[in-house]
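To keep things clear, I will list the structure first and then write my remarks on it.
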Amino acid sequence: MFWNTQQQLEDLICQLVSWDSRTGTEGELHFPFKLKDELSKLDYYREHPHHIALHDAGRERNALTALYRHDDAKKTIVLMSHFDTVHTKEFGSKSHLAFTPRELGHRFREIADDFSPDNKRDALSGEYLYGRGTMDMKMGLALHMHLIEKAAEEDWPINLLLLTVPDEEVDSAGMRAAVDRLESIAEEYGLDYSLFLNSEPSFTQYPDDPNYYFYSGSIGKIMPSALFYGVETHVGEPLRGLNAHYMSSFLNQEMEFTDIFSEEEYGERSPLPVALKYYDMKKDYSAQTSNHVAVLYNVFTMQQNAEDIFSKYHYLVEQTMNQCQKQYDEICERENIPPVGRIRTMTYQALHAYITEKFGQEKVDRIIAEYIGRDDLDDREKSMHIANRMITYCKELVPLVVTLFAPPYYPAVNASEDPLVRSLSSLTNDFLGNDYGVEPKEIHYFNGISDLSYVTYDKHDDGWETYQANTPVWDRTYSIPFESMQKLQAPLINIGPFGKDPHKLTERLHKKSAFEITPKLLEAVVKHCITH
């Protein structure tokens, strides 16, 4: 066997990390092909080569599925992971070390005195393996490869479908593309999906947190955004216009850390909103004030859907613009200058309807197409440029704030009350407690955001219609297969290895957890599913 012993698993994760697959790089494109070659070493895939497949995820990226199928079983566990990693700018000129875990660990031991006490202790202990993707989340993929190999070798009476995808760290294009393939694979091979098993790592909840966590759900993430379109003027006559930065400052003060979107479930509370991006769309420097500013906010969800968030958000924008108008009018009165107008607030859906009625659908389609094909803009920038361009044809509306959604959107999912998940929770507690003296803690909403958001979508939720109508790039460069997601109704759980500092210079994986404990725990999970 190739990936069965602790040493073999360590060698495997070092190999996977050495295949640099940072999001948006050539390495991300090449990774699934290398992985396919590696999996093809197994006798099972030599006999069933058609059970490994690559699936187009756009921009030359591919997801990979590898099916272990038992002739007498319909019950199927989907083993989910992502192979892309975040970038390595924090390594500076030594970025190559990020992909050589053993060499990096040796280097960190040499400079351990430069680290914090926790990092120094771990670097000197020899208990951790460092490197980009060791924790988040190539070890999860390695563990799934181990399960596939062992199931095939021992003829486990269950089906396992390994699914690993690109782009999880940015827009989850890989998982969104894979949803339809999961449906077609189930039909082709007669599979009955009984569990979605992700193996994202155990994330700390606070600095130096020693606890091990597993997850029975995944938190949602959505990005309500705004385009502020003011009235330009020369800086020498500031009140002859209305600066978009001035307008946006009122919303930012209210949105950052507001509790109006807060939720609490199972004693867990959603993190507060923050601005993820705030920028002036004026390209050049000049003595002209800016008339268009974009801002994107991160909002976490548990039970709320897109409609719930957008209605609260739009109301907050209206209220803050009323405050802005009041203060602006008072300043104009003080300076004996007439105001330039009243600030309007419109949803993107309303703006789209307005310009369509004014110019016709063909004109609107041309405006959208002007930006959709631009490779120099990402989906967030395209969204803002589309709204901005529409306003330039409707200047009678300014000063104006347009509320919209910018990608990505991760719906919240939770299976905490599912009977299978409850039994797996008990199994995890008993296994780790009895055999290793570890007291694991169940988190009901994984706080790291994950691709689990695109399975078991609540079939009674129609809030996604609001998302579609207010996302300028919807169904052009960005979409979510809501209807297909509703068909993937199976419980989910996330059990992965323990590590520390994801996305940081000192990202590291706990060796005993990764190479000894978690492989046995995941095997116990699979075997439990065979009989339940």
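Identifiers in this document derive from the order of the structure tokens: chains are assigned A, B, ..., residues are numbered from 1 separately in each chain, and ligands are numbered from 1 in order of occurrence.
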Based on DSSP run over this structure's backbone, return all residues of region 30-216 of chain A in strand (DSSP E or B), as a PyMOL selection string.
chain A and resi 52-56+62-68+75-82+85+128-130+159-165+192-198+202+213-215
For N, CA and C atoms, I'd like the residues from the last selection saved as a compact mmCIF listing (two decimals), in the first residue's frame.
```txt
# COMPACT_ATOMS: atom_id res chain seq x y z
N ILE A 52 -11.87 7.57 -12.42
CA ILE A 52 -11.22 8.86 -12.15
C ILE A 52 -11.57 9.81 -13.29
N ALA A 53 -12.00 11.02 -12.94
CA ALA A 53 -12.40 11.97 -13.98
C ALA A 53 -12.05 13.39 -13.58
N LEU A 54 -11.75 14.20 -14.58
CA LEU A 54 -11.54 15.63 -14.40
C LEU A 54 -12.79 16.36 -14.88
N HIS A 55 -13.12 17.46 -14.21
CA HIS A 55 -14.34 18.19 -14.52
C HIS A 55 -14.02 19.68 -14.65
N ASP A 56 -14.41 20.25 -15.75
CA ASP A 56 -14.10 21.65 -16.05
C ASP A 56 -14.69 22.58 -15.00
N ASN A 62 -9.64 22.52 -13.16
CA ASN A 62 -10.40 21.27 -13.14
C ASN A 62 -10.58 20.77 -11.71
N ALA A 63 -11.78 20.27 -11.43
CA ALA A 63 -12.00 19.47 -10.24
C ALA A 63 -11.72 18.01 -10.59
N LEU A 64 -11.50 17.19 -9.58
CA LEU A 64 -11.24 15.77 -9.82
C LEU A 64 -12.15 14.92 -8.94
N THR A 65 -12.71 13.87 -9.54
CA THR A 65 -13.43 12.87 -8.76
C THR A 65 -12.75 11.52 -8.95
N ALA A 66 -12.72 10.76 -7.87
CA ALA A 66 -12.20 9.39 -7.92
C ALA A 66 -13.17 8.51 -7.13
N LEU A 67 -13.81 7.59 -7.83
CA LEU A 67 -14.85 6.76 -7.23
C LEU A 67 -14.32 5.38 -6.88
N TYR A 68 -14.53 4.97 -5.61
CA TYR A 68 -14.38 3.57 -5.24
C TYR A 68 -15.80 3.03 -5.14
N LYS A 75 -25.07 2.92 -0.91
CA LYS A 75 -24.72 3.96 0.05
C LYS A 75 -23.35 4.54 -0.29
N THR A 76 -23.27 5.86 -0.32
CA THR A 76 -22.06 6.53 -0.79
C THR A 76 -21.69 7.71 0.11
N ILE A 77 -20.42 7.78 0.48
CA ILE A 77 -19.89 8.94 1.20
C ILE A 77 -19.08 9.78 0.22
N VAL A 78 -19.39 11.06 0.15
CA VAL A 78 -18.60 11.98 -0.67
C VAL A 78 -17.51 12.59 0.20
N LEU A 79 -16.26 12.36 -0.19
CA LEU A 79 -15.10 12.87 0.55
C LEU A 79 -14.67 14.18 -0.09
N MET A 80 -14.93 15.30 0.57
CA MET A 80 -14.74 16.62 -0.02
C MET A 80 -13.45 17.29 0.46
N SER A 81 -12.75 17.94 -0.49
CA SER A 81 -11.56 18.72 -0.14
C SER A 81 -11.32 19.75 -1.23
N HIS A 82 -10.40 20.68 -0.95
CA HIS A 82 -9.92 21.59 -1.99
C HIS A 82 -8.40 21.54 -2.02
N THR A 85 -4.41 26.72 -2.52
CA THR A 85 -3.96 27.35 -1.29
C THR A 85 -3.87 28.86 -1.49
N TYR A 128 5.30 19.27 14.75
CA TYR A 128 4.51 19.92 13.70
C TYR A 128 5.24 19.90 12.37
N LEU A 129 4.46 19.88 11.32
CA LEU A 129 4.96 19.97 9.95
C LEU A 129 4.49 21.30 9.37
N TYR A 130 5.45 22.12 8.94
CA TYR A 130 5.14 23.46 8.47
C TYR A 130 5.01 23.48 6.94
N ASN A 159 -19.62 2.76 -0.99
CA ASN A 159 -18.98 3.52 -2.06
C ASN A 159 -18.37 4.81 -1.49
N LEU A 160 -17.19 5.15 -1.97
CA LEU A 160 -16.53 6.40 -1.59
C LEU A 160 -16.26 7.21 -2.85
N LEU A 161 -16.67 8.46 -2.84
CA LEU A 161 -16.42 9.34 -3.97
C LEU A 161 -15.53 10.49 -3.51
N LEU A 162 -14.27 10.43 -3.88
CA LEU A 162 -13.35 11.52 -3.56
C LEU A 162 -13.61 12.67 -4.52
N LEU A 163 -13.84 13.86 -3.96
CA LEU A 163 -14.03 15.08 -4.75
C LEU A 163 -13.08 16.14 -4.22
N THR A 164 -12.17 16.59 -5.08
CA THR A 164 -11.27 17.67 -4.68
C THR A 164 -11.31 18.76 -5.75
N VAL A 165 -11.35 20.01 -5.31
CA VAL A 165 -11.67 21.11 -6.22
C VAL A 165 -10.68 22.26 -6.10
N ASP A 192 -26.24 6.40 -3.91
CA ASP A 192 -27.13 7.07 -2.97
C ASP A 192 -26.26 7.81 -1.97
N TYR A 193 -26.19 9.13 -2.10
CA TYR A 193 -25.33 9.91 -1.20
C TYR A 193 -25.92 9.91 0.21
N SER A 194 -25.15 9.38 1.15
CA SER A 194 -25.63 9.28 2.53
C SER A 194 -24.90 10.23 3.48
N LEU A 195 -23.74 10.75 3.05
CA LEU A 195 -22.98 11.66 3.90
C LEU A 195 -22.00 12.46 3.06
N PHE A 196 -21.90 13.76 3.34
CA PHE A 196 -20.83 14.59 2.79
C PHE A 196 -19.81 14.79 3.91
N LEU A 197 -18.63 14.23 3.70
CA LEU A 197 -17.58 14.27 4.72
C LEU A 197 -16.45 15.18 4.24
N ASN A 198 -16.37 16.34 4.83
CA ASN A 198 -15.28 17.26 4.55
C ASN A 198 -14.19 17.06 5.61
N SER A 202 -9.16 21.42 12.02
CA SER A 202 -9.72 21.98 13.24
C SER A 202 -9.16 23.38 13.42
N TYR A 213 -11.61 20.48 17.47
CA TYR A 213 -12.99 20.70 17.09
C TYR A 213 -13.37 19.87 15.87
N PHE A 214 -14.62 19.44 15.84
CA PHE A 214 -15.21 18.93 14.61
C PHE A 214 -16.51 19.70 14.40
N TYR A 215 -17.07 19.61 13.18
CA TYR A 215 -18.11 20.56 12.79
C TYR A 215 -19.30 19.85 12.15
```
What are the DSSP helix (DSSP H, G or I) residues of region 201-445 of chain A, as a ChimeraX atom specification?
/A:238-240,244-255,306-335,348-359,361-372,379-392,395-397,419-436
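Picture a line from CA of Arg107 (chain A) to CA of Phe498 (chain A); it runs 22.0 Å.
CA of Pro238 (chain A) to CA of Gln253 (chain A) spans 22.1 Å [interatomic distance, one decimal].
With only C-alpha atoms as the atoms that count, the residue of A:Glu200, A:Glu465, A:Asp114, A:Glu417 with the shortest distance to Gln349 (chain A) is A:Glu465.
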Quick one: everything within 12 Å of Ser95 (chain A), counting only C-alpha atoms, minus sequence neighbours fewer than 3 positions away in the same chain. Send it as a PDB file with C-alpha atoms, in the first residue's frame.
```pdb
ATOM      1  CA  SER A  18       5.450  20.430  -3.053  1.00  0.00           C
ATOM      2  CA  ASP A  20       2.507  24.467  -5.506  1.00  0.00           C
ATOM      3  CA  ARG A  22      -1.761  28.697  -5.083  1.00  0.00           C
ATOM      4  CA  HIS A  87      -0.460  32.878  -1.613  1.00  0.00           C
ATOM      5  CA  THR A  88       2.911  33.108   0.113  1.00  0.00           C
ATOM      6  CA  LYS A  89       3.813  36.796   0.078  1.00  0.00           C
ATOM      7  CA  GLU A  90       4.664  36.696   3.784  1.00  0.00           C
ATOM      8  CA  PHE A  91       7.620  34.429   2.944  1.00  0.00           C
ATOM      9  CA  GLY A  92       9.240  37.206   0.897  1.00  0.00           C
ATOM     10  CA  ALA A  98       6.651  27.224   1.773  1.00  0.00           C
ATOM     11  CA  PHE A  99       6.476  24.107  -0.425  1.00  0.00           C
ATOM     12  CA  THR A 100       9.231  22.095   1.294  1.00  0.00           C
ATOM     13  CA  PRO A 101       7.817  21.228   4.727  1.00  0.00           C
ATOM     14  CA  LEU A 104      11.020  24.803   6.300  1.00  0.00           C
ATOM     15  CA  GLY A 131       4.271  24.709   4.991  1.00  0.00           C
ATOM     16  CA  ARG A 132       1.604  26.257   2.801  1.00  0.00           C
ATOM     17  CA  LEU A 505       3.820  32.154   7.710  1.00  0.00           C
TER      18      LEU A 505
END
```
Set the distance at 8 Å and use only C-alpha atoms: which residues neighbour Pro519 (chain A) once local chain neighbours fewer than 5 positions away are removed? I'd like the list as an mmCIF file with N, CA, C and O atoms, in the first residue's frame.
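Result file out_35.cif:
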```cif
data_model
loop_
_atom_site.group_PDB
_atom_site.id
_atom_site.type_symbol
_atom_site.label_atom_id
_atom_site.label_comp_id
_atom_site.auth_asym_id
_atom_site.auth_seq_id
_atom_site.Cartn_x
_atom_site.Cartn_y
_atom_site.Cartn_z
ATOM 1 N N LEU A 143 -5.738 12.345 3.566
ATOM 2 C CA LEU A 143 -6.510 11.391 4.363
ATOM 3 C C LEU A 143 -7.587 10.709 3.535
ATOM 4 O O LEU A 143 -7.876 9.514 3.718
ATOM 5 N N HIS A 146 -5.981 8.082 1.475
ATOM 6 C CA HIS A 146 -5.736 6.932 2.352
ATOM 7 C C HIS A 146 -6.994 6.080 2.491
ATOM 8 O O HIS A 146 -6.928 4.832 2.410
ATOM 9 N N LEU A 147 -8.148 6.725 2.685
ATOM 10 C CA LEU A 147 -9.399 5.974 2.832
ATOM 11 C C LEU A 147 -9.761 5.220 1.561
ATOM 12 O O LEU A 147 -10.192 4.059 1.613
ATOM 13 N N ALA A 514 -2.510 14.215 12.463
ATOM 14 C CA ALA A 514 -2.663 13.989 11.027
ATOM 15 C C ALA A 514 -2.330 12.566 10.606
ATOM 16 O O ALA A 514 -3.004 12.004 9.733
#
```
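When only C-alpha atoms are used to measure the gap to Ala173 (chain A), the shortest distance among A:Glu307, A:Glu60, A:Glu357, A:Glu516 belongs to A:Glu60.
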Residues near Glu265 (chain A), cut-off 10 Å, only C-alpha atoms, skip fewer than 4 positions along chain, as a PyMOL selection string:
chain A and resi 269-270+302-303+444-445
Take the residues from that selection and write them out as a PDB file, in the first residue's frame, keeping N, CA, C and O atoms.
```pdb
ATOM      1  N   ARG A 269     -22.223  32.460  18.108  1.00  0.00           N
ATOM      2  CA  ARG A 269     -22.667  33.746  17.562  1.00  0.00           C
ATOM      3  C   ARG A 269     -21.895  34.053  16.301  1.00  0.00           C
ATOM      4  O   ARG A 269     -20.680  33.817  16.210  1.00  0.00           O
ATOM      5  N   SER A 270     -22.589  34.580  15.315  1.00  0.00           N
ATOM      6  CA  SER A 270     -21.934  34.926  14.053  1.00  0.00           C
ATOM      7  C   SER A 270     -21.001  36.117  14.257  1.00  0.00           C
ATOM      8  O   SER A 270     -21.342  37.063  14.971  1.00  0.00           O
ATOM      9  N   MET A 302     -26.217  32.383   9.627  1.00  0.00           N
ATOM     10  CA  MET A 302     -26.523  31.049  10.135  1.00  0.00           C
ATOM     11  C   MET A 302     -27.881  30.590   9.592  1.00  0.00           C
ATOM     12  O   MET A 302     -27.970  29.682   8.786  1.00  0.00           O
ATOM     13  N   GLN A 303     -28.942  31.271  10.017  1.00  0.00           N
ATOM     14  CA  GLN A 303     -30.283  30.932   9.544  1.00  0.00           C
ATOM     15  C   GLN A 303     -30.800  31.901   8.474  1.00  0.00           C
ATOM     16  O   GLN A 303     -31.692  31.556   7.701  1.00  0.00           O
ATOM     17  N   HIS A 444     -21.110  23.918  15.620  1.00  0.00           N
ATOM     18  CA  HIS A 444     -22.259  23.705  14.756  1.00  0.00           C
ATOM     19  C   HIS A 444     -22.176  24.488  13.456  1.00  0.00           C
ATOM     20  O   HIS A 444     -22.909  24.200  12.506  1.00  0.00           O
ATOM     21  N   TYR A 445     -21.297  25.485  13.412  1.00  0.00           N
ATOM     22  CA  TYR A 445     -21.070  26.251  12.179  1.00  0.00           C
ATOM     23  C   TYR A 445     -19.570  26.475  12.012  1.00  0.00           C
ATOM     24  O   TYR A 445     -18.981  27.290  12.728  1.00  0.00           O
TER      25      TYR A 445
END
```
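Atom pair CA of Val401 (chain A) / CA of Val231 (chain A) has a distance of 11.8 Å (rounded to one decimal).
Among A:Ile219, A:Val398, A:Leu452, A:Leu251, the residue with the shortest atom-to-atom distance to Glu268 (chain A), counting only C-alpha atoms, is A:Ile219.
Comparing the minimum interatomic distances between Tyr315 (chain A) and each of A:Ala178, A:Val299, A:Ile260, A:Leu351, counting only C-alpha atoms, we find that A:Ile260 sits nearest.
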So which residues touch region 316-318 of chain A within 10 Å, counting only C-alpha atoms, skipping near sequence neighbours fewer than 2 positions away, as a PDB file with N, CA, C and O atoms, in the first residue's frame?
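File produced: part04.pdb:
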```pdb
ATOM      1  N   ALA A 226     -22.199  48.339  -2.050  1.00  0.00           N
ATOM      2  CA  ALA A 226     -22.845  49.589  -2.460  1.00  0.00           C
ATOM      3  C   ALA A 226     -21.949  50.366  -3.404  1.00  0.00           C
ATOM      4  O   ALA A 226     -20.710  50.332  -3.281  1.00  0.00           O
ATOM      5  N   SER A 248     -20.206  57.740   1.552  1.00  0.00           N
ATOM      6  CA  SER A 248     -19.907  56.368   1.984  1.00  0.00           C
ATOM      7  C   SER A 248     -19.482  56.303   3.442  1.00  0.00           C
ATOM      8  O   SER A 248     -19.664  55.274   4.099  1.00  0.00           O
ATOM      9  N   PHE A 250     -20.749  57.619   6.000  1.00  0.00           N
ATOM     10  CA  PHE A 250     -21.891  57.440   6.895  1.00  0.00           C
ATOM     11  C   PHE A 250     -22.284  55.969   6.994  1.00  0.00           C
ATOM     12  O   PHE A 250     -22.580  55.464   8.085  1.00  0.00           O
ATOM     13  N   LEU A 251     -22.289  55.281   5.870  1.00  0.00           N
ATOM     14  CA  LEU A 251     -22.634  53.860   5.898  1.00  0.00           C
ATOM     15  C   LEU A 251     -21.551  53.057   6.604  1.00  0.00           C
ATOM     16  O   LEU A 251     -21.856  52.163   7.401  1.00  0.00           O
ATOM     17  N   ASN A 252     -20.301  53.364   6.321  1.00  0.00           N
ATOM     18  CA  ASN A 252     -19.216  52.573   6.894  1.00  0.00           C
ATOM     19  C   ASN A 252     -19.229  52.632   8.422  1.00  0.00           C
ATOM     20  O   ASN A 252     -18.957  51.632   9.107  1.00  0.00           O
ATOM     21  N   GLU A 254     -21.762  52.846  10.303  1.00  0.00           N
ATOM     22  CA  GLU A 254     -22.857  52.039  10.825  1.00  0.00           C
ATOM     23  C   GLU A 254     -22.706  50.548  10.525  1.00  0.00           C
ATOM     24  O   GLU A 254     -23.148  49.698  11.306  1.00  0.00           O
ATOM     25  N   MET A 255     -22.100  50.216   9.373  1.00  0.00           N
ATOM     26  CA  MET A 255     -21.998  48.810   8.965  1.00  0.00           C
ATOM     27  C   MET A 255     -20.912  48.057   9.724  1.00  0.00           C
ATOM     28  O   MET A 255     -21.109  46.904  10.124  1.00  0.00           O
ATOM     29  N   ILE A 260     -26.939  44.210  13.703  1.00  0.00           N
ATOM     30  CA  ILE A 260     -28.273  43.975  13.131  1.00  0.00           C
ATOM     31  C   ILE A 260     -28.360  42.665  12.351  1.00  0.00           C
ATOM     32  O   ILE A 260     -29.451  42.146  12.130  1.00  0.00           O
ATOM     33  N   PHE A 310     -30.504  41.258   2.717  1.00  0.00           N
ATOM     34  CA  PHE A 310     -30.604  42.409   1.820  1.00  0.00           C
ATOM     35  C   PHE A 310     -31.643  43.418   2.303  1.00  0.00           C
ATOM     36  O   PHE A 310     -31.440  44.636   2.178  1.00  0.00           O
ATOM     37  N   SER A 311     -32.736  42.944   2.847  1.00  0.00           N
ATOM     38  CA  SER A 311     -33.764  43.871   3.329  1.00  0.00           C
ATOM     39  C   SER A 311     -33.231  44.699   4.495  1.00  0.00           C
ATOM     40  O   SER A 311     -33.463  45.916   4.562  1.00  0.00           O
ATOM     41  N   LYS A 312     -32.507  44.063   5.404  1.00  0.00           N
ATOM     42  CA  LYS A 312     -31.922  44.802   6.525  1.00  0.00           C
ATOM     43  C   LYS A 312     -30.850  45.773   6.038  1.00  0.00           C
ATOM     44  O   LYS A 312     -30.771  46.921   6.505  1.00  0.00           O
ATOM     45  N   TYR A 313     -30.039  45.305   5.115  1.00  0.00           N
ATOM     46  CA  TYR A 313     -28.940  46.120   4.605  1.00  0.00           C
ATOM     47  C   TYR A 313     -29.475  47.351   3.865  1.00  0.00           C
ATOM     48  O   TYR A 313     -29.009  48.478   4.100  1.00  0.00           O
ATOM     49  N   HIS A 314     -30.436  47.144   2.983  1.00  0.00           N
ATOM     50  CA  HIS A 314     -30.961  48.267   2.205  1.00  0.00           C
ATOM     51  C   HIS A 314     -31.603  49.303   3.128  1.00  0.00           C
ATOM     52  O   HIS A 314     -31.437  50.523   2.915  1.00  0.00           O
ATOM     53  N   THR A 320     -28.820  55.669   6.775  1.00  0.00           N
ATOM     54  CA  THR A 320     -27.547  56.402   6.836  1.00  0.00           C
ATOM     55  C   THR A 320     -27.496  57.519   5.799  1.00  0.00           C
ATOM     56  O   THR A 320     -26.896  58.573   6.039  1.00  0.00           O
ATOM     57  N   MET A 321     -28.133  57.326   4.664  1.00  0.00           N
ATOM     58  CA  MET A 321     -28.163  58.398   3.673  1.00  0.00           C
ATOM     59  C   MET A 321     -29.084  59.543   4.118  1.00  0.00           C
ATOM     60  O   MET A 321     -28.843  60.702   3.774  1.00  0.00           O
ATOM     61  N   ASN A 322     -30.102  59.223   4.900  1.00  0.00           N
ATOM     62  CA  ASN A 322     -30.912  60.287   5.494  1.00  0.00           C
ATOM     63  C   ASN A 322     -30.070  61.124   6.450  1.00  0.00           C
ATOM     64  O   ASN A 322     -30.181  62.359   6.484  1.00  0.00           O
ATOM     65  N   GLN A 323     -29.219  60.447   7.224  1.00  0.00           N
ATOM     66  CA  GLN A 323     -28.314  61.165   8.130  1.00  0.00           C
ATOM     67  C   GLN A 323     -27.322  62.019   7.342  1.00  0.00           C
ATOM     68  O   GLN A 323     -27.044  63.169   7.709  1.00  0.00           O
ATOM     69  N   CYS A 324     -26.809  61.441   6.258  1.00  0.00           N
ATOM     70  CA  CYS A 324     -25.873  62.164   5.406  1.00  0.00           C
ATOM     71  C   CYS A 324     -26.537  63.415   4.826  1.00  0.00           C
ATOM     72  O   CYS A 324     -25.963  64.514   4.836  1.00  0.00           O
ATOM     73  N   ILE A 343     -30.377  62.743  -1.947  1.00  0.00           N
ATOM     74  CA  ILE A 343     -29.720  61.450  -2.173  1.00  0.00           C
ATOM     75  C   ILE A 343     -30.770  60.363  -2.308  1.00  0.00           C
ATOM     76  O   ILE A 343     -31.614  60.179  -1.431  1.00  0.00           O
ATOM     77  N   ARG A 344     -30.727  59.663  -3.418  1.00  0.00           N
ATOM     78  CA  ARG A 344     -31.613  58.520  -3.625  1.00  0.00           C
ATOM     79  C   ARG A 344     -30.893  57.227  -3.233  1.00  0.00           C
ATOM     80  O   ARG A 344     -29.679  57.132  -3.331  1.00  0.00           O
ATOM     81  N   THR A 345     -31.680  56.227  -2.852  1.00  0.00           N
ATOM     82  CA  THR A 345     -31.153  54.878  -2.607  1.00  0.00           C
ATOM     83  C   THR A 345     -31.980  53.906  -3.440  1.00  0.00           C
ATOM     84  O   THR A 345     -33.218  53.887  -3.331  1.00  0.00           O
ATOM     85  N   MET A 346     -31.305  53.110  -4.267  1.00  0.00           N
ATOM     86  CA  MET A 346     -31.989  52.149  -5.135  1.00  0.00           C
ATOM     87  C   MET A 346     -31.288  50.798  -5.052  1.00  0.00           C
ATOM     88  O   MET A 346     -30.059  50.733  -4.915  1.00  0.00           O
ATOM     89  N   VAL A 401     -27.179  56.114  -4.302  1.00  0.00           N
ATOM     90  CA  VAL A 401     -26.511  54.932  -3.768  1.00  0.00           C
ATOM     91  C   VAL A 401     -27.233  53.704  -4.294  1.00  0.00           C
ATOM     92  O   VAL A 401     -28.459  53.601  -4.159  1.00  0.00           O
ATOM     93  N   VAL A 402     -26.491  52.802  -4.918  1.00  0.00           N
ATOM     94  CA  VAL A 402     -27.058  51.550  -5.419  1.00  0.00           C
ATOM     95  C   VAL A 402     -26.612  50.418  -4.507  1.00  0.00           C
ATOM     96  O   VAL A 402     -25.407  50.223  -4.280  1.00  0.00           O
ATOM     97  N   THR A 403     -27.559  49.686  -3.968  1.00  0.00           N
ATOM     98  CA  THR A 403     -27.246  48.515  -3.136  1.00  0.00           C
ATOM     99  C   THR A 403     -27.289  47.268  -4.012  1.00  0.00           C
ATOM    100  O   THR A 403     -28.173  47.122  -4.859  1.00  0.00           O
TER     101      THR A 403
END
```
Considering only C-alpha atoms, return as an MDAnalysis selection string whatever protein or nucleic-acid residues lie within 10 Å of Asn119 (chain A), sequence-local ones (same chain, fewer than 4 positions apart) excluded.
chainID A and resid 108:109 112:115 123:125 208 500:501 506 508
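Closest approach to Tyr467 (chain A) from the set A:Ser40, A:Ser172, A:Asn291, A:Asn305 is made by A:Asn305, with distances taken over only C-alpha atoms.
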